[in-house]
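Encoded as structure tokens, the structure appears first; notes follow it.
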Amino acid sequence: MTSKTPSPTEANTPADTPATGLGSAPGIALLILTLAATVQFFDRALMVVILEPLKQEFSLTDAQLGLLSGLSYAAAFALAGIPFGWLADRGNRRNLLVGLLAAWSALVALAGSANSFAALVWTRVGIGAADAGGQPCSVSIISDLYPSQRRATAVAVFFLGVPLGMASGFMVGAMVASQYGWRMGFYLVAVPGVLLALLMLLLVREPKRGASDGLSPANAPAPSLGETLRFMRGQSSLVYLMAASILVTASSSAMMSWIGSLLVRSHGQSLENVGLITGLCMGGFGALGTLLFGWLADRQGSLDMRNQPRMMAVAAAVIAVSGTAVSLMPTVWGAAVSLALFASLVAGLNGPTYALTQSLVQVRMRGTSMSTLVVLLNLVGVGVGPALAGVLSDYFATSYGNESVRWAMVCVLVLNLPAVILFARAARSIKADLVRAQG
């Protein structure tokens, strides 16, 4: 009789794992965390929808719009992100989330009363800072509720908040902004944020750290920030995954920030049609891609963990091709079909990316690991991507006029090509790195 050596995904997993369906305590926590993410991404999508009304009201350039939709939010997010991740590894993550969500809701309401470009920028700075701890705390909690074999799927469910928030922000936000003005959109999204903070306080409990992996690190001191960062740097597969994700995020954030302007300028679409097209493509197909890719990542990872970064490499290549098609298609229907494929794969990467970020580090490093990635994604990806596209659009405007956004997007999408190589490189060392993280 031969014995089977457990794989990195099987090692240290409790023999009897608790129920994790939506009716269980972990399921309820996952549902509330997902709804909170949905509300916050509604706000991000709303900013995309109202860029053209803001441009007209405040007489802004495309570079200023890029600053408003990207860098102002991302810079504050970056400054606050790692400190909040550090706190998440040491304190009560549920309580931190409740406070941040309440502060975020108040700042979103203030954005609706901004009477100048500078005032609006400052509210986005505050919103970015308040938003910084949400994903690190949430994903760290989820990782302690769901074992590694189901982690990518659970994290994918959480990141359904991205396409669902984008869809509701585009569709509902566009309708509200069109009928009642852009300010009402901010007032609308602030209310559910407060309600979800209360539900989180009442129904979500702080989970025991490491419980889903059969570990008991609760009494051990959390590693210092320096120790955590050094450990992360030594995980070569994690470094490659982070670098590739930053490049993909830069191009996808640019597309998501400027797709509304592209549809208005190049295809003559109304604000309502922009909301419908982007909502269905990024929301509907984005949600589908999130669930399918997360489920497939868990299935493939159970066979060989190297399959997950390999899948991500293929996705990055298709994102580059489909995004270029969105930018250059002569008809709105062609752009919409390409956008559906683009959005499904961009959203699909969330589950395996963030799940691996948790699995490739030690338990008391998960908050810092997550916040480090999220900060880099927002500072470099969300911050630089839309702003770079805006600068390129202004540059191309002298030659291409209203078509300048198309060519700006094509240039930014080139960033996906080195991401393909980096994802493939991550597959080489991921098995050894997973074992090291469990040690």
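Here, A, B, ... name the chains of the structure tokens in the order displayed, residue numbers run from 1 inside each chain, and ligands are numbered from 1 in the same displayed order.
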
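Every protein or nucleic acid residue with an atom no more than 7 Å from Asn416 of chain A, counting only C-alpha atoms and leaving out same-chain residues fewer than 5 positions away, appears here: Leu247, Val248, Ala316, Ala317 and Ala320 of chain A.
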
Practice problem: For Pro83 of chain A, work out the shell of residues within 10 Å, counting only C-alpha atoms and skipping chain neighbours fewer than 5 positions away, then give it as a ChimeraX atom specification. | Solution: /A:78,88,132-133,225,367-368,371-372

Could you write those residues out with N, CA and C atoms, as a PDB file, in the first residue's frame?
ATOM      1  N   ALA A  78      -2.787  54.562  -2.238  1.00  0.00           N
ATOM      2  CA  ALA A  78      -1.445  54.012  -2.047  1.00  0.00           C
ATOM      3  C   ALA A  78      -0.865  54.403  -0.699  1.00  0.00           C
ATOM      4  N   ALA A  88      -4.546  45.208   9.510  1.00  0.00           N
ATOM      5  CA  ALA A  88      -5.368  44.016   9.300  1.00  0.00           C
ATOM      6  C   ALA A  88      -4.673  42.756   9.797  1.00  0.00           C
ATOM      7  N   ALA A 132      -8.972  52.153   0.984  1.00  0.00           N
ATOM      8  CA  ALA A 132      -7.719  51.401   0.913  1.00  0.00           C
ATOM      9  C   ALA A 132      -7.709  50.117   1.728  1.00  0.00           C
ATOM     10  N   GLY A 133      -8.428  50.096   2.839  1.00  0.00           N
ATOM     11  CA  GLY A 133      -8.397  48.905   3.680  1.00  0.00           C
ATOM     12  C   GLY A 133      -9.439  47.864   3.347  1.00  0.00           C
ATOM     13  N   LEU A 225       6.693  44.644   9.220  1.00  0.00           N
ATOM     14  CA  LEU A 225       6.483  45.009   7.820  1.00  0.00           C
ATOM     15  C   LEU A 225       7.692  44.642   6.975  1.00  0.00           C
ATOM     16  N   GLY A 367      -2.790  40.184   5.220  1.00  0.00           N
ATOM     17  CA  GLY A 367      -3.297  41.543   5.075  1.00  0.00           C
ATOM     18  C   GLY A 367      -2.293  42.450   4.394  1.00  0.00           C
ATOM     19  N   THR A 368      -1.031  42.364   4.834  1.00  0.00           N
ATOM     20  CA  THR A 368       0.016  43.197   4.236  1.00  0.00           C
ATOM     21  C   THR A 368       0.270  42.813   2.790  1.00  0.00           C
ATOM     22  N   SER A 371      -2.656  44.148   0.754  1.00  0.00           N
ATOM     23  CA  SER A 371      -2.632  45.610   0.638  1.00  0.00           C
ATOM     24  C   SER A 371      -1.493  46.079  -0.258  1.00  0.00           C
ATOM     25  N   THR A 372      -0.358  45.376  -0.214  1.00  0.00           N
ATOM     26  CA  THR A 372       0.765  45.745  -1.081  1.00  0.00           C
ATOM     27  C   THR A 372       0.371  45.604  -2.546  1.00  0.00           C
TER      28      THR A 372
END

Quiz item: In Å to one decimal, how far is atom CA of Leu417 of chain A from atom CA of Leu328 of chain A?
Solution: 18.2 Å

Taking only C-alpha atoms into account, produce a table as CSV in which each residue of segment 187-300 of chain A with an atom at most 8 Å from an atom of segment 31-54 of chain A appears once, together with its shortest atom pair and the distance in Å to one decimal, ordered by chain and rising number.
residue,atom,partner,partner_atom,distance
A:Val189,CA,A:Val39,CA,6.7
A:Pro192,CA,A:Val39,CA,7.1
A:Gly193,CA,A:Val39,CA,6.6
A:Leu196,CA,A:Ala36,CA,6.4
A:Leu199,CA,A:Ile32,CA,7.5
A:Met200,CA,A:Ile32,CA,6.7
A:Met256,CA,A:Val48,CA,7.4
A:Ser257,CA,A:Val48,CA,5.3
A:Trp258,CA,A:Val48,CA,7.1
A:Gly260,CA,A:Val49,CA,6.3
A:Ser261,CA,A:Glu52,CA,7.0
A:Leu271,CA,A:Val49,CA,7.5
A:Val274,CA,A:Val49,CA,7.8
A:Gly275,CA,A:Val49,CA,7.1

Could you save the residues just selected, with C-alpha atoms, as a short mmCIF file (atom, residue, chain, number, x, y, z; two decimals), in the first residue's frame?
data_model
loop_
_atom_site.label_atom_id
_atom_site.label_comp_id
_atom_site.auth_asym_id
_atom_site.auth_seq_id
_atom_site.Cartn_x
_atom_site.Cartn_y
_atom_site.Cartn_z
CA VAL A 189 -24.54 55.41 -3.47
CA PRO A 192 -26.28 51.60 1.07
CA GLY A 193 -22.71 52.05 2.31
CA LEU A 196 -23.93 47.65 4.95
CA LEU A 199 -25.09 44.82 8.81
CA MET A 200 -21.42 43.98 8.96
CA MET A 256 -12.77 51.23 -18.24
CA SER A 257 -12.12 54.91 -17.56
CA TRP A 258 -12.30 56.00 -21.20
CA GLY A 260 -17.64 56.06 -22.06
CA SER A 261 -15.80 58.86 -23.85
CA LEU A 271 -25.21 58.84 -22.05
CA VAL A 274 -23.21 54.26 -22.86
CA GLY A 275 -24.55 53.10 -19.50
#

Quiz item: What lies within 9 Å of Gly301 of chain A using only C-alpha atoms, ignoring chain neighbours under 5 positions off, as a ChimeraX atom specification?
Solution: /A:9,149,296,306-308

Quiz item: Residues at most 10 Å from Ser236 of chain A, counting only C-alpha atoms, excluding those fewer than 2 positions away in the same chain, as a ChimeraX atom specification?
Solution: /A:231-234,238-242,360,425-430,432-433

Exercise. Would you please work out which residue, of A:Val194, A:Met365, A:Leu262, A:Ala355, is nearest to Arg209 of chain A when using only C-alpha atoms?
Key: A:Met365

Quiz item: Excluding same-chain residues fewer than 3 positions from Pro418 of chain A, what lies within 8 Å of it counting only C-alpha atoms, as a ChimeraX atom specification?
Solution: /A:244,247,415,421-422

Preceding selection exported with C-alpha atoms as a PDB file, in the first residue's frame:
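Result saved to out_5.pdb:
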ATOM      1  CA  ALA A 244       1.962  41.060 -14.464  1.00  0.00           C
ATOM      2  CA  LEU A 247       0.466  45.824 -16.249  1.00  0.00           C
ATOM      3  CA  LEU A 415       1.306  46.704 -21.651  1.00  0.00           C
ATOM      4  CA  ILE A 421       5.648  36.524 -20.164  1.00  0.00           C
ATOM      5  CA  LEU A 422       5.555  37.350 -16.448  1.00  0.00           C
TER       6      LEU A 422
END

Practice problem: Once DSSP has gone over the backbone, tell me which residues of segment 200-354 of chain A are in helix (DSSP H, G or I), as a PyMOL selection string. | Solution: chain A and resi 200-203+211-213+225-234+236-267+271-303+307-328+332-348+350-354

Practice problem: Quick one: everything within 12 Å of Leu110 of chain A, counting only C-alpha atoms, minus sequence neighbours fewer than 2 positions away in the same chain. Send it as a PyMOL selection string. | Solution: chain A and resi 103-108+112-115+119-127+183-190

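Rounded to one decimal, atom CA of Ala222 of chain A and atom CA of Leu100 of chain A lie 22.3 Å from each other.
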
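For the residues A:Val420, A:Leu160, A:Val384, A:Val337, ranking by smallest atom-to-atom distance to Gly289 of chain A using only C-alpha atoms places A:Leu160 first.
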
Quiz prompt | Polymer residues at most 10 Å from segment 374-376 of chain A, only C-alpha atoms, same-chain spacing of 6 or more positions, as JSON, numbers by chain | solution = {"A": [74, 75, 76, 77, 78, 79, 80, 81, 82, 85, 132, 133, 134, 135, 136, 242, 243, 245, 246, 249, 354, 368, 382, 383]}

For the residues in the current selection, export N, CA and C atoms as a PDB file, in the first residue's frame.
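Ended up saving to again18.pdb:
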ATOM      1  N   ALA A  74      -6.002  57.116  -6.638  1.00  0.00           N
ATOM      2  CA  ALA A  74      -4.994  56.078  -6.472  1.00  0.00           C
ATOM      3  C   ALA A  74      -3.854  56.508  -5.560  1.00  0.00           C
ATOM      4  N   ALA A  75      -3.446  57.773  -5.614  1.00  0.00           N
ATOM      5  CA  ALA A  75      -2.348  58.231  -4.775  1.00  0.00           C
ATOM      6  C   ALA A  75      -2.717  58.133  -3.293  1.00  0.00           C
ATOM      7  N   ALA A  76      -3.932  58.563  -2.949  1.00  0.00           N
ATOM      8  CA  ALA A  76      -4.386  58.460  -1.560  1.00  0.00           C
ATOM      9  C   ALA A  76      -4.529  56.999  -1.156  1.00  0.00           C
ATOM     10  N   PHE A  77      -5.036  56.193  -2.056  1.00  0.00           N
ATOM     11  CA  PHE A  77      -5.170  54.762  -1.812  1.00  0.00           C
ATOM     12  C   PHE A  77      -3.812  54.157  -1.490  1.00  0.00           C
ATOM     13  N   ALA A  78      -2.787  54.562  -2.238  1.00  0.00           N
ATOM     14  CA  ALA A  78      -1.445  54.012  -2.047  1.00  0.00           C
ATOM     15  C   ALA A  78      -0.865  54.403  -0.699  1.00  0.00           C
ATOM     16  N   LEU A  79      -1.060  55.653  -0.299  1.00  0.00           N
ATOM     17  CA  LEU A  79      -0.513  56.118   0.981  1.00  0.00           C
ATOM     18  C   LEU A  79      -1.164  55.414   2.163  1.00  0.00           C
ATOM     19  N   ALA A  80      -2.461  55.125   2.056  1.00  0.00           N
ATOM     20  CA  ALA A  80      -3.182  54.516   3.175  1.00  0.00           C
ATOM     21  C   ALA A  80      -3.185  52.997   3.123  1.00  0.00           C
ATOM     22  N   GLY A  81      -2.948  52.411   1.942  1.00  0.00           N
ATOM     23  CA  GLY A  81      -3.153  50.982   1.761  1.00  0.00           C
ATOM     24  C   GLY A  81      -2.291  50.093   2.630  1.00  0.00           C
ATOM     25  N   ILE A  82      -0.973  50.267   2.603  1.00  0.00           N
ATOM     26  CA  ILE A  82      -0.089  49.384   3.367  1.00  0.00           C
ATOM     27  C   ILE A  82      -0.280  49.550   4.874  1.00  0.00           C
ATOM     28  N   GLY A  85      -3.247  47.492   5.646  1.00  0.00           N
ATOM     29  CA  GLY A  85      -2.907  46.080   5.569  1.00  0.00           C
ATOM     30  C   GLY A  85      -2.127  45.626   6.797  1.00  0.00           C
ATOM     31  N   ALA A 132      -8.972  52.153   0.984  1.00  0.00           N
ATOM     32  CA  ALA A 132      -7.719  51.401   0.913  1.00  0.00           C
ATOM     33  C   ALA A 132      -7.709  50.117   1.728  1.00  0.00           C
ATOM     34  N   GLY A 133      -8.428  50.096   2.839  1.00  0.00           N
ATOM     35  CA  GLY A 133      -8.397  48.905   3.680  1.00  0.00           C
ATOM     36  C   GLY A 133      -9.439  47.864   3.347  1.00  0.00           C
ATOM     37  N   GLY A 134     -10.360  48.171   2.433  1.00  0.00           N
ATOM     38  CA  GLY A 134     -11.481  47.271   2.168  1.00  0.00           C
ATOM     39  C   GLY A 134     -11.072  45.913   1.637  1.00  0.00           C
ATOM     40  N   GLN A 135     -10.352  45.875   0.533  1.00  0.00           N
ATOM     41  CA  GLN A 135      -9.981  44.604  -0.069  1.00  0.00           C
ATOM     42  C   GLN A 135      -8.983  43.811   0.777  1.00  0.00           C
ATOM     43  N   PRO A 136      -7.940  44.433   1.366  1.00  0.00           N
ATOM     44  CA  PRO A 136      -7.045  43.646   2.223  1.00  0.00           C
ATOM     45  C   PRO A 136      -7.766  42.979   3.392  1.00  0.00           C
ATOM     46  N   MET A 242       2.476  39.701  -9.293  1.00  0.00           N
ATOM     47  CA  MET A 242       2.167  41.094  -8.988  1.00  0.00           C
ATOM     48  C   MET A 242       2.541  42.012 -10.142  1.00  0.00           C
ATOM     49  N   ALA A 243       3.722  41.809 -10.701  1.00  0.00           N
ATOM     50  CA  ALA A 243       4.169  42.663 -11.804  1.00  0.00           C
ATOM     51  C   ALA A 243       3.245  42.523 -13.013  1.00  0.00           C
ATOM     52  N   SER A 245       0.099  41.547 -12.985  1.00  0.00           N
ATOM     53  CA  SER A 245      -1.215  42.100 -12.653  1.00  0.00           C
ATOM     54  C   SER A 245      -1.226  43.620 -12.748  1.00  0.00           C
ATOM     55  N   ILE A 246      -0.133  44.254 -12.382  1.00  0.00           N
ATOM     56  CA  ILE A 246      -0.041  45.713 -12.481  1.00  0.00           C
ATOM     57  C   ILE A 246      -0.166  46.153 -13.939  1.00  0.00           C
ATOM     58  N   THR A 249      -3.718  45.645 -15.150  1.00  0.00           N
ATOM     59  CA  THR A 249      -4.606  46.623 -14.529  1.00  0.00           C
ATOM     60  C   THR A 249      -4.453  48.005 -15.151  1.00  0.00           C
ATOM     61  N   TYR A 354      -5.866  37.176  -6.527  1.00  0.00           N
ATOM     62  CA  TYR A 354      -5.909  37.516  -5.109  1.00  0.00           C
ATOM     63  C   TYR A 354      -5.856  36.274  -4.227  1.00  0.00           C
ATOM     64  N   THR A 368      -1.031  42.364   4.834  1.00  0.00           N
ATOM     65  CA  THR A 368       0.016  43.197   4.236  1.00  0.00           C
ATOM     66  C   THR A 368       0.270  42.813   2.790  1.00  0.00           C
ATOM     67  N   VAL A 382      -4.334  51.679 -11.768  1.00  0.00           N
ATOM     68  CA  VAL A 382      -5.475  52.596 -11.837  1.00  0.00           C
ATOM     69  C   VAL A 382      -5.022  54.043 -11.934  1.00  0.00           C
ATOM     70  N   GLY A 383      -3.915  54.377 -11.241  1.00  0.00           N
ATOM     71  CA  GLY A 383      -3.455  55.761 -11.256  1.00  0.00           C
ATOM     72  C   GLY A 383      -2.827  56.176 -12.569  1.00  0.00           C
TER      73      GLY A 383
END

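Of the listed residues (A:Leu65, A:Met282, A:Val326, A:Leu263), A:Val326 comes nearest to Met409 of chain A; the distances count only C-alpha atoms.
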
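With distances restricted to only C-alpha atoms, A:Ala347 is the closest residue to Met312 of chain A from A:Ala347, A:Leu392, A:Leu195, A:Ala437.
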
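Taking atom CA of Ala250 of chain A as the reference point, atom CA of Leu379 of chain A is found at 9.4 Å.
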